[in-house]
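Source file: data10.txt. Holds: compact mmCIF, C-alpha atoms.
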# COMPACT_ATOMS: atom_id res chain seq x y z
CA MET A 1 -12.06 9.52 13.80
CA LYS A 2 -13.67 11.00 16.93
CA LYS A 3 -12.79 7.85 18.86
CA ILE A 4 -9.18 8.21 17.77
CA LEU A 5 -9.08 11.81 19.00
CA ILE A 6 -10.47 10.74 22.38
CA VAL A 7 -7.65 8.21 22.68
CA SER A 8 -5.21 11.01 21.85
CA LEU A 9 -6.53 13.15 24.70
CA ILE A 10 -6.24 10.25 27.15
CA ALA A 11 -2.66 9.62 26.03
CA LEU A 12 -1.86 13.32 26.49
CA PHE A 13 -3.27 13.23 30.03
CA VAL A 14 -1.15 10.18 30.89
CA SER A 15 1.96 12.01 29.69
CA GLN A 16 1.53 14.95 32.07
CA PRO A 17 3.75 13.57 34.89
CA VAL A 18 6.54 13.14 32.35
CA LEU A 19 5.86 16.58 30.89
CA ALA A 20 6.74 18.23 34.16
CA ASP A 21 10.32 17.02 33.82
CA GLY A 22 10.74 18.08 30.16
CA GLU A 23 12.62 21.08 28.91
CA LYS A 24 10.49 24.22 28.74
CA ASN A 25 10.48 24.86 25.01
CA ILE A 26 8.28 24.49 21.97
CA SER A 27 9.67 24.06 18.46
CA PHE A 28 8.16 23.88 14.99
CA ILE A 29 9.39 21.95 11.94
CA PHE A 30 7.84 22.55 8.52
CA ASP A 31 7.88 20.19 5.55
CA GLY A 32 6.55 20.28 2.04
CA LEU A 33 6.31 18.23 -1.12
CA ALA A 34 5.66 19.05 -4.77
CA ARG A 35 5.22 16.17 -7.21
CA ILE A 36 4.51 16.21 -10.93
CA ARG A 37 3.62 13.00 -12.77
CA TYR A 38 2.85 12.27 -16.37
CA GLU A 39 0.91 9.00 -16.87
CA PHE A 40 -0.26 7.04 -19.87
CA HIS A 41 -2.67 4.08 -19.55
CA ASN A 42 -3.89 1.93 -22.42
CA ASN A 43 -6.16 -1.15 -22.08
CA ASN A 44 -5.29 -1.32 -18.37
CA LYS A 45 -8.85 -1.88 -17.16
CA THR A 46 -10.64 -3.63 -20.03
CA LEU A 47 -7.90 -5.13 -22.23
CA GLY A 48 -9.46 -3.55 -25.29
CA SER A 49 -13.08 -4.55 -24.75
CA LYS A 50 -13.70 -0.80 -24.37
CA ASN A 51 -11.56 2.22 -25.09
CA ASP A 52 -10.02 3.09 -21.72
CA GLU A 53 -6.98 5.08 -22.86
CA ARG A 54 -5.96 7.88 -20.48
CA ASP A 55 -3.17 10.41 -20.86
CA TYR A 56 -2.71 13.06 -18.16
CA PHE A 57 -0.59 15.01 -15.68
CA ARG A 58 -0.92 14.76 -11.90
CA PHE A 59 0.06 17.68 -9.66
CA LYS A 60 0.41 16.90 -5.95
CA PHE A 61 1.26 19.44 -3.25
CA SER A 62 1.56 18.76 0.48
CA GLY A 63 2.51 20.97 3.39
CA GLY A 64 2.89 19.95 7.01
CA VAL A 65 4.03 21.26 10.39
CA LEU A 66 5.31 19.37 13.41
CA ALA A 67 4.90 21.12 16.76
CA ASP A 68 7.18 19.60 19.39
CA PHE A 69 6.34 20.39 23.01
CA TYR A 70 9.15 20.16 25.57
CA ASP A 71 10.72 17.16 23.78
CA VAL A 72 7.94 15.10 25.36
CA PHE A 73 5.07 15.02 22.87
CA SER A 74 4.37 16.41 19.42
CA ILE A 75 1.44 17.15 17.14
CA TYR A 76 1.73 16.87 13.37
CA GLY A 77 -0.68 18.10 10.71
CA ARG A 78 -0.48 18.05 6.92
CA LEU A 79 -2.71 19.24 4.05
CA THR A 80 -2.60 17.64 0.60
CA ASN A 81 -4.04 18.39 -2.82
CA GLU A 82 -3.66 16.44 -6.05
CA SER A 83 -5.24 17.63 -9.29
CA ARG A 84 -5.18 16.11 -12.78
CA SER A 85 -4.89 17.76 -16.17
CA TYR A 86 -6.02 15.40 -18.93
CA ILE A 87 -4.59 15.34 -22.44
CA TYR A 88 -7.02 12.53 -23.35
CA ASN A 89 -9.54 10.62 -21.27
CA ALA A 90 -11.67 8.10 -23.18
CA GLY A 91 -15.25 8.24 -21.99
CA GLY A 92 -14.46 10.61 -19.11
CA ASN A 93 -14.09 14.23 -18.13
CA ALA A 94 -10.98 15.73 -19.73
CA GLU A 95 -11.32 19.16 -18.15
CA TYR A 96 -8.86 20.47 -15.58
CA ASN A 97 -10.40 21.07 -12.17
CA ILE A 98 -8.77 21.94 -8.86
CA ASP A 99 -9.32 18.88 -6.69
CA GLU A 100 -9.92 18.58 -2.96
CA VAL A 101 -7.59 19.84 -0.26
CA VAL A 102 -7.71 17.23 2.49
CA ILE A 103 -6.28 16.76 5.96
CA ASP A 104 -3.71 14.14 5.05
CA ASN A 105 -2.24 13.66 8.54
CA LEU A 106 -3.25 14.90 11.98
CA PHE A 107 -1.86 12.99 14.95
CA LEU A 108 -0.46 13.18 18.45
CA SER A 109 2.81 11.39 19.17
CA ILE A 110 4.26 10.61 22.60
CA PRO A 111 7.62 8.83 22.19
CA LYS A 112 9.47 7.06 24.97
CA LEU A 113 6.71 7.27 27.54
CA PHE A 114 8.21 5.71 30.67
CA GLY A 115 11.26 5.03 28.50
CA THR A 116 9.87 2.09 26.51
CA ILE A 117 6.40 2.96 25.21
CA ASP A 118 5.57 4.98 22.07
CA ILE A 119 2.01 6.23 21.59
CA LYS A 120 0.62 7.68 18.39
CA ALA A 121 -3.02 8.48 17.70
CA GLY A 122 -4.95 10.28 15.00
CA ARG A 123 -4.68 10.30 11.21
CA MET A 124 -1.30 8.90 10.18
CA ASP A 125 0.63 7.03 7.51
CA LEU A 126 1.92 3.56 8.42
CA ALA A 127 5.34 3.01 6.89
CA ILE A 128 5.57 0.01 4.55
CA SER A 129 9.08 -0.70 5.83
CA GLU A 130 7.73 -1.26 9.34
CA TYR A 131 5.07 -3.82 8.40
CA GLY A 132 6.40 -6.77 6.45
CA GLU A 133 7.18 -4.90 3.20
CA GLY A 134 3.57 -3.71 2.93
CA PHE A 135 2.05 -7.12 2.19
CA LEU A 136 -0.93 -6.53 4.51
CA ILE A 137 -0.46 -2.98 5.82
CA ALA A 138 0.29 -0.17 3.36
CA ASP A 139 -2.60 2.03 2.20
CA GLY A 140 -5.62 3.04 4.26
CA THR A 141 -7.20 5.01 1.38
CA PRO A 142 -6.74 2.80 -1.72
CA LEU A 143 -9.40 4.42 -3.94
CA ASP A 144 -7.62 7.78 -4.20
CA GLY A 145 -4.44 6.22 -5.59
CA SER A 146 -1.21 7.68 -4.24
CA LYS A 147 -2.85 10.97 -3.23
CA THR A 148 -3.02 9.81 0.41
CA PHE A 149 -2.19 6.65 2.36
CA TYR A 150 -3.45 7.54 5.83
CA PHE A 151 -5.10 5.43 8.50
CA ASN A 152 -7.36 6.72 11.27
CA ALA A 153 -5.60 4.81 13.99
CA ALA A 154 -4.29 4.55 17.53
CA ARG A 155 -1.01 2.76 18.12
CA MET A 156 0.90 1.79 21.24
CA ARG A 157 4.34 0.21 20.81
CA TYR A 158 6.48 -1.32 23.54
CA SER A 159 10.16 -1.57 22.59
CA ALA A 160 12.86 -3.73 24.12
CA PRO A 161 16.39 -4.54 22.94
CA GLU A 162 16.14 -6.26 19.52
CA SER A 163 12.34 -6.51 19.69
CA SER A 164 9.03 -4.68 19.94
CA ILE A 165 5.32 -5.38 20.15
CA GLU A 166 2.51 -3.03 19.27
CA LEU A 167 -1.25 -2.77 19.52
CA LEU A 168 -2.92 -1.02 16.61
CA SER A 169 -6.55 -0.01 16.24
CA VAL A 170 -7.88 1.22 12.86
CA TYR A 171 -11.10 2.98 11.86
CA ASN A 172 -11.18 3.78 8.12
CA THR A 173 -14.26 5.28 6.49
CA GLU A 174 -15.67 5.16 2.95
CA TYR A 175 -15.57 8.97 2.64
CA ASP A 176 -13.40 11.49 4.48
CA ASP A 177 -14.95 12.27 7.87
CA LEU A 178 -12.87 15.42 8.50
CA PRO A 179 -13.44 18.83 6.87
CA VAL A 180 -12.47 19.01 3.16
CA ILE A 181 -11.78 22.15 1.13
CA ASN A 182 -13.52 22.08 -2.27
CA ASP A 183 -15.26 18.83 -1.35
CA GLN A 184 -15.75 16.56 -4.40
CA ASP A 185 -17.32 13.70 -2.40
CA ILE A 186 -14.52 11.35 -3.46
CA ARG A 187 -14.62 7.78 -2.18
CA ILE A 188 -11.38 6.77 -0.50
CA ASN A 189 -12.40 3.24 0.44
CA ASP A 190 -14.90 0.56 -0.55
CA SER A 191 -16.63 0.64 2.82
CA LEU A 192 -16.24 1.30 6.52
CA GLU A 193 -13.34 -0.79 7.84
CA THR A 194 -12.29 -1.45 11.42
CA ALA A 195 -9.35 -3.47 12.63
CA PHE A 196 -7.40 -4.52 15.68
CA ILE A 197 -3.83 -5.68 15.15
CA ILE A 198 -1.12 -7.17 17.34
CA TYR A 199 2.23 -6.81 15.61
CA GLY A 200 5.59 -8.07 16.85
CA ARG A 201 9.19 -7.66 15.72
CA LYS A 202 12.12 -9.75 16.89
CA LYS A 203 15.75 -10.08 15.85
CA ILE A 204 16.46 -13.70 16.76
CA ASN A 205 20.17 -13.51 15.92
CA GLU A 206 22.49 -11.85 13.42
CA LYS A 207 20.94 -13.82 10.57
CA LEU A 208 17.26 -14.24 11.42
CA TYR A 209 14.58 -11.55 11.85
CA ILE A 210 10.81 -12.13 12.18
CA GLU A 211 7.59 -10.10 12.41
CA PRO A 212 4.70 -12.25 13.71
CA TYR A 213 1.21 -10.75 13.77
CA TYR A 214 -2.50 -11.23 14.32
CA MET A 215 -5.06 -9.03 12.52
CA TRP A 216 -8.81 -8.85 13.05
CA LYS A 217 -10.63 -6.78 10.44
CA THR A 218 -14.26 -6.07 9.55
CA GLU A 219 -15.62 -4.68 6.28
CA ALA A 220 -19.14 -3.25 6.18
CA SER A 221 -19.32 -4.09 2.47
CA GLY A 222 -17.01 -4.92 -0.40
CA PRO A 223 -16.29 -7.47 -3.13
CA PHE A 224 -17.03 -10.40 -0.81
CA GLY A 225 -20.34 -9.05 0.50
CA ASN A 226 -21.55 -7.27 3.62
CA ASP A 227 -20.57 -7.74 7.26
CA VAL A 228 -17.25 -9.42 6.57
CA SER A 229 -15.05 -10.42 9.50
CA ILE A 230 -11.51 -11.73 8.91
CA ASN A 231 -8.87 -13.15 11.24
CA THR A 232 -5.34 -13.21 9.81
CA PHE A 233 -2.43 -15.04 11.45
CA GLY A 234 1.03 -14.88 9.96
CA SER A 235 4.61 -13.70 9.99
CA TYR A 236 7.25 -11.97 7.90
CA VAL A 237 10.71 -13.58 7.94
CA LYS A 238 14.08 -12.37 6.72
CA TYR A 239 17.11 -14.65 6.76
CA ASP A 240 20.59 -13.47 5.81
CA MET A 241 22.79 -16.26 4.44
CA GLU A 242 25.70 -13.84 3.81
CA LYS A 243 25.82 -14.54 0.07
CA ALA A 244 22.04 -14.43 -0.33
CA VAL A 245 18.96 -13.19 1.52
CA ILE A 246 15.59 -14.90 1.86
CA ARG A 247 12.52 -12.69 2.38
CA ALA A 248 9.25 -14.50 2.97
CA GLN A 249 5.81 -14.09 4.43
CA ALA A 250 2.93 -16.48 4.99
CA ALA A 251 -0.51 -16.00 6.52
CA VAL A 252 -3.72 -17.92 7.08
CA GLN A 253 -7.13 -16.27 7.10
CA LEU A 254 -10.28 -17.50 8.84
CA GLY A 255 -13.37 -15.41 8.33
CA ASN A 256 -17.10 -14.99 8.15
CA TYR A 257 -18.62 -13.75 4.88
CA ASN A 258 -22.38 -13.24 5.21
CA ASP A 259 -22.56 -16.31 7.44
CA GLU A 260 -20.38 -18.30 5.04
CA ILE A 261 -17.10 -19.68 6.35
CA GLY A 262 -13.95 -18.18 4.89
CA ARG A 263 -10.59 -19.96 4.71
CA ALA A 264 -7.71 -18.50 2.71
CA PHE A 265 -3.94 -18.59 2.43
CA GLY A 266 -1.43 -16.09 1.07
CA GLY A 267 2.27 -15.49 1.04
CA TYR A 268 5.43 -14.95 -0.93
CA ALA A 269 9.12 -15.85 -0.96
CA TYR A 270 12.05 -14.02 -2.54
CA LEU A 271 15.65 -15.07 -2.90
CA ASP A 272 18.00 -12.09 -3.34
CA ILE A 273 21.39 -13.02 -4.77
CA PRO A 274 24.15 -10.43 -5.24
CA VAL A 275 25.88 -10.99 -8.59
CA MET A 276 28.48 -8.22 -8.78
CA ASP A 277 28.96 -4.67 -7.56
CA ILE A 278 26.91 -3.14 -10.35
CA VAL A 279 24.05 -5.69 -10.07
CA LYS A 280 22.61 -5.79 -6.54
CA PRO A 281 20.80 -8.10 -6.37
CA PHE A 282 19.22 -10.62 -8.70
CA SER A 283 15.92 -11.81 -7.21
CA ILE A 284 13.69 -14.77 -7.84
CA GLY A 285 10.26 -14.48 -6.24
CA TYR A 286 6.98 -16.34 -5.99
CA VAL A 287 3.63 -14.99 -4.77
CA TYR A 288 0.60 -17.14 -3.95
CA LEU A 289 -2.85 -15.78 -3.02
CA SER A 290 -5.72 -18.26 -2.83
CA GLY A 291 -8.79 -17.76 -5.01
CA ASP A 292 -12.45 -18.47 -4.47
CA ASP A 293 -13.89 -21.63 -5.96
CA GLU A 294 -17.29 -20.47 -7.21
CA ASN A 295 -18.71 -24.01 -6.83
CA SER A 296 -17.76 -24.22 -3.16
CA GLN A 297 -19.83 -23.15 -0.15
CA THR A 298 -16.64 -21.88 1.49
CA VAL A 299 -15.07 -18.52 0.61
CA GLU A 300 -11.43 -19.25 -0.25
CA ALA A 301 -10.55 -15.83 -1.66
CA TRP A 302 -7.51 -14.13 -0.17
CA ASN A 303 -8.22 -10.72 1.37
CA PRO A 304 -5.28 -8.25 1.19
CA VAL A 305 -6.46 -6.47 4.40
CA PHE A 306 -4.74 -3.05 3.98
CA GLY A 307 -2.27 -4.08 1.27
CA ARG A 308 -4.25 -2.72 -1.68
CA TYR A 309 -1.59 -0.63 -3.41
CA PRO A 310 0.11 -1.41 -6.77
CA ALA A 311 3.21 -3.12 -5.39
CA LEU A 312 3.13 -5.94 -7.95
CA SER A 313 1.95 -3.93 -10.95
CA ASP A 314 -0.04 -0.82 -11.87
CA ILE A 315 -1.69 -2.69 -14.75
CA LEU A 316 -2.74 -5.67 -12.65
CA HIS A 317 -3.91 -3.29 -9.92
CA ALA A 318 -6.29 -1.69 -12.45
CA LEU A 319 -7.43 -5.03 -13.93
CA TYR A 320 -8.64 -6.14 -10.50
CA SER A 321 -11.29 -3.39 -10.76
CA GLN A 322 -13.14 -5.84 -13.08
CA GLU A 323 -12.71 -8.76 -10.71
CA SER A 324 -12.67 -8.00 -6.99
CA GLY A 325 -11.95 -4.26 -6.78
CA TYR A 326 -8.96 -1.97 -7.30
CA GLY A 327 -5.95 -3.61 -5.70
CA TYR A 328 -8.00 -6.37 -4.08
CA TRP A 329 -5.16 -8.81 -4.70
CA THR A 330 -6.55 -12.34 -4.68
CA ASN A 331 -6.64 -15.53 -6.78
CA LEU A 332 -3.05 -15.11 -7.90
CA GLN A 333 0.17 -16.94 -8.60
CA LEU A 334 3.10 -14.82 -9.77
CA LEU A 335 6.64 -15.91 -10.61
CA LYS A 336 9.06 -12.98 -10.76
CA PHE A 337 12.61 -12.59 -12.04
CA GLU A 338 14.06 -9.23 -11.09
CA THR A 339 17.42 -7.48 -11.11
CA THR A 340 18.66 -4.11 -9.91
CA PHE A 341 21.46 -2.18 -11.63
CA LYS A 342 23.45 0.72 -10.19
CA PRO A 343 25.29 2.14 -13.23
CA LEU A 344 25.75 5.48 -11.42
CA LYS A 345 25.91 6.42 -7.77
CA ARG A 346 22.62 8.31 -7.99
CA MET A 347 20.90 6.07 -10.53
CA SER A 348 19.17 2.73 -10.15
CA ILE A 349 17.45 0.52 -12.71
CA ILE A 350 15.02 -2.18 -11.61
CA ALA A 351 13.79 -4.59 -14.30
CA SER A 352 11.56 -7.63 -13.89
CA TYR A 353 9.68 -10.23 -15.89
CA ASN A 354 6.60 -11.88 -14.38
CA PHE A 355 4.59 -14.97 -15.25
CA VAL A 356 1.10 -14.45 -13.82
CA TYR A 357 -1.59 -17.10 -13.18
CA ALA A 358 -4.91 -17.53 -11.39
CA ASN A 359 -5.88 -20.40 -9.11
CA GLU A 360 -9.53 -20.31 -10.12
CA THR A 361 -11.44 -19.21 -13.22
CA VAL A 362 -13.83 -16.28 -12.82
CA THR A 363 -17.31 -15.66 -14.20
CA SER A 364 -18.87 -12.22 -13.98
CA THR A 365 -22.24 -10.68 -14.80
CA THR A 366 -20.79 -7.17 -14.92
CA SER A 367 -17.60 -7.62 -16.96
CA THR A 368 -16.83 -9.28 -20.28
CA ILE A 369 -13.05 -9.49 -19.99
CA PHE A 370 -12.78 -13.02 -18.55
CA GLY A 371 -12.01 -16.22 -20.42
CA THR A 372 -11.97 -19.89 -19.44
CA GLY A 373 -8.29 -20.49 -18.58
CA LYS A 374 -5.99 -19.75 -15.65
CA HIS A 375 -3.06 -18.03 -17.36
CA ARG A 376 -3.44 -14.34 -16.54
CA GLY A 377 -0.53 -13.38 -18.77
CA ASN A 378 3.08 -12.19 -18.86
CA LEU A 379 4.22 -8.87 -17.47
CA ALA A 380 7.41 -6.86 -18.05
CA ARG A 381 8.31 -3.95 -15.76
CA CYS A 382 11.15 -1.45 -15.65
CA ARG A 383 11.88 1.53 -13.41
CA ILE A 384 14.77 3.98 -13.86
CA ALA A 385 15.33 6.32 -10.91
CA TYR A 386 17.74 9.22 -10.54
CA ASN A 387 18.26 11.30 -7.39
CA PHE A 388 19.56 14.78 -8.20
CA SER A 389 19.93 15.51 -4.48
CA LYS A 390 18.40 14.46 -1.18
CA ASN A 391 15.49 16.84 -1.87
CA PHE A 392 14.97 16.37 -5.61
CA SER A 393 14.33 13.01 -7.28
CA SER A 394 12.87 11.56 -10.44
CA TYR A 395 11.99 8.26 -12.08
CA VAL A 396 10.50 6.71 -15.20
CA SER A 397 8.40 3.57 -14.80
CA GLY A 398 6.90 1.41 -17.53
CA GLU A 399 4.93 -1.83 -17.82
CA TYR A 400 3.77 -4.04 -20.69
CA PHE A 401 1.25 -6.85 -20.17
CA VAL A 402 0.39 -9.64 -22.62
CA PRO A 403 -2.88 -11.29 -21.48
CA GLY A 404 -3.40 -15.04 -21.40
CA ASP A 405 -6.48 -17.26 -21.56
CA PHE A 406 -7.74 -16.14 -18.14
CA TYR A 407 -9.06 -13.18 -20.13
CA TYR A 408 -11.33 -13.18 -23.18
CA LYS A 409 -10.14 -14.35 -26.58
CA GLY A 410 -8.84 -11.37 -28.48
CA ALA A 411 -7.83 -9.41 -25.38
CA LYS A 412 -5.37 -6.68 -26.30
CA ASN A 413 -2.00 -5.99 -24.71
CA ALA A 414 -1.91 -3.33 -22.01
CA SER A 415 0.72 -0.66 -21.41
CA PHE A 416 1.54 1.83 -18.68
CA LEU A 417 4.03 4.70 -18.44
CA ARG A 418 4.80 7.13 -15.62
CA ILE A 419 7.34 9.95 -15.44
CA GLU A 420 7.80 11.65 -12.07
CA PHE A 421 9.68 14.64 -10.68
CA MET A 422 9.47 15.29 -6.94
CA ALA A 423 10.88 18.01 -4.71
CA LYS A 424 10.59 18.04 -0.93
CA ILE A 425 11.76 20.02 2.05
For the structure just supplied, provide its representation as structure tokens.
Amino acid sequence: MKKILIVSLIALFVSQPVLADGEKNISFIFDGLARIRYEFHNNNKTLGSKNDERDYFRFKFSGGVLADFYDVFSIYGRLTNESRSYIYNAGGNAEYNIDEVVIDNLFLSIPKLFGTIDIKAGRMDLAISEYGEGFLIADGTPLDGSKTFYFNAARMRYSAPESSIELLSVYNTEYDDLPVINDQDIRINDSLETAFIIYGRKKINEKLYIEPYYMWKTEASGPFGNDVSINTFGSYVKYDMEKAVIRAQAAVQLGNYNDEIGRAFGGYAYLDIPVMDIVKPFSIGYVYLSGDDENSQTVEAWNPVFGRYPALSDILHALYSQESGYGYWTNLQLLKFETTFKPLKRMSIIASYNFVYANETVTSTTSTIFGTGKHRGNLARCRIAYNFSKNFSSYVSGEYFVPGDFYYKGAKNASFLRIEFMAKI
């Protein structure tokens, strides 16, 4: 984090010639968020081999301030706290305790430097919508759930008509390296992670849009061992066929895992088809993430880089804790059928059914949930969202998972429920 702050100071120094021409004013913008969630988990981690039922409320509060200097550069800071109140927690602490208050964001931003360059450095969120739907870049702090998503990063983006290219450097730690109020020594990551990323965006024509990238990442430790180094080459593609849209992404990984060679492949493809005004759209999707052959000297396991959030499923996200780590999406084939309804202007309903498979069987000395097959199971998901206003929203999300022979014989079905109300200013 100290390196990131040094970069911020250098960027601020470079901006001084531009600053002299800016308007002589300073403004402040405040924002805040209050979120209440009720969650119910049953068999999500162990599929019934142990009692892992949890039933609790989550209370998240965030407050931030943006200080804008002369319309030339700005500094943003935000504090966040999320505490849990358990109704039932099998095998765990069910008491209510005020959790940590952390520095969620703290960054310097210099937009339109010399007219075409944007610089941002410090602790920041990286928007999923800006990085290939979050396939590889989404959450820099995966072990604290949705409490925070930040990256300690420095980013420089050059923009041109219909295109941009950016350089991104990341330094994420296992524990928070900035001051914490009521420090609970909570792990936010599996290990120290560093990365350097080159990310491009280009609108080829009215129908075709691409985001090519190269990512180099190191992990000090993790599910694939110590001193891991991964090179990822790929691209996100979106093609508008007027009556349908194709969204796809494919990437190849070459790496070094404790002096073992790593070769992996991952990607997905979705076909979005509008059916009628009330159903927009119907989607058919396929996800493939290579798995490690335990009898091979090569590591073939897909590494999700920074894409370790529950995009595909909250239940599957938790089940990976027994396999490769929370949200360490790997060894996966998923066929999805999804549709979105808009029965009311402010309401949306997203429902999907998923057939889930593995590419390789898994043996483990620490978990008893695995079987001998490759059928992970079938998953149903539904989310009903309603926006009361631009500042007040809510949703109900549920999942039901029926395990297959990839898991042990007698594995029980898993269920998940979340109810959320959120207000923001």
Notebook entry, point to check: Quick one: distance from atom CA of Gly371 of chain A to atom CA of Ala411 of chain A in Å, one decimal?
Noted result: 9.4 Å
Note to self: Please list as an NGL selection string every residue within 10 Å of segment 52-63 of chain A, counting all atoms listed in the file and excluding residues in the same chain fewer than 6 positions away.
What the structure shows: :A and (30-46 or 77-92 or 94 or 96 or 98-99 or 101-104 or 146-147 or 414-420 or 422-425)
Select all residues near (1.4, -6.7, 3.6) (cut-off 9 Å, inclusive, file coordinates), counting all atoms listed in the file, and output them as a PDB file with C-alpha atoms, keeping the file's coordinate frame.
ATOM      1  CA  ILE A 128       5.570   0.010   4.550  1.00  0.00           C
ATOM      2  CA  TYR A 131       5.070  -3.820   8.400  1.00  0.00           C
ATOM      3  CA  GLY A 132       6.400  -6.770   6.450  1.00  0.00           C
ATOM      4  CA  GLU A 133       7.180  -4.900   3.200  1.00  0.00           C
ATOM      5  CA  GLY A 134       3.570  -3.710   2.930  1.00  0.00           C
ATOM      6  CA  PHE A 135       2.050  -7.120   2.190  1.00  0.00           C
ATOM      7  CA  LEU A 136      -0.930  -6.530   4.510  1.00  0.00           C
ATOM      8  CA  ILE A 137      -0.460  -2.980   5.820  1.00  0.00           C
ATOM      9  CA  ALA A 138       0.290  -0.170   3.360  1.00  0.00           C
ATOM     10  CA  TYR A 236       7.250 -11.970   7.900  1.00  0.00           C
ATOM     11  CA  GLN A 249       5.810 -14.090   4.430  1.00  0.00           C
ATOM     12  CA  PRO A 304      -5.280  -8.250   1.190  1.00  0.00           C
ATOM     13  CA  VAL A 305      -6.460  -6.470   4.400  1.00  0.00           C
ATOM     14  CA  PHE A 306      -4.740  -3.050   3.980  1.00  0.00           C
ATOM     15  CA  GLY A 307      -2.270  -4.080   1.270  1.00  0.00           C
ATOM     16  CA  ARG A 308      -4.250  -2.720  -1.680  1.00  0.00           C
TER      17      ARG A 308
END
Next item on the list: Measuring atom to atom with only C-alpha atoms, identify which of A:Asp68, A:Glu130, A:Asp240, A:Glu338 is nearest to Ile284 of chain A.
Entry: A:Glu338
Note to self: I'd like the neighbourhood of Pro223 of chain A as a ChimeraX atom specification, where a residue qualifies if any of its atoms comes within 9 Å (using all atoms listed in the file), though same-chain residues fewer than 6 positions away should be ignored.
What the structure shows: /A:190,323-325,328
Margin query: Report as a PyMOL selection string all protein, DNA and RNA residues lying within 8 Å of Thr372 of chain A, evaluated on all atoms listed in the file, omitting residues in the same chain fewer than 3 positions from it.
Written below: chain A and resi 361-362+405-408
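Taking atom CA of Leu113 of chain A as the reference point, atom CA of Ala160 of chain A is found at 13.1 Å.
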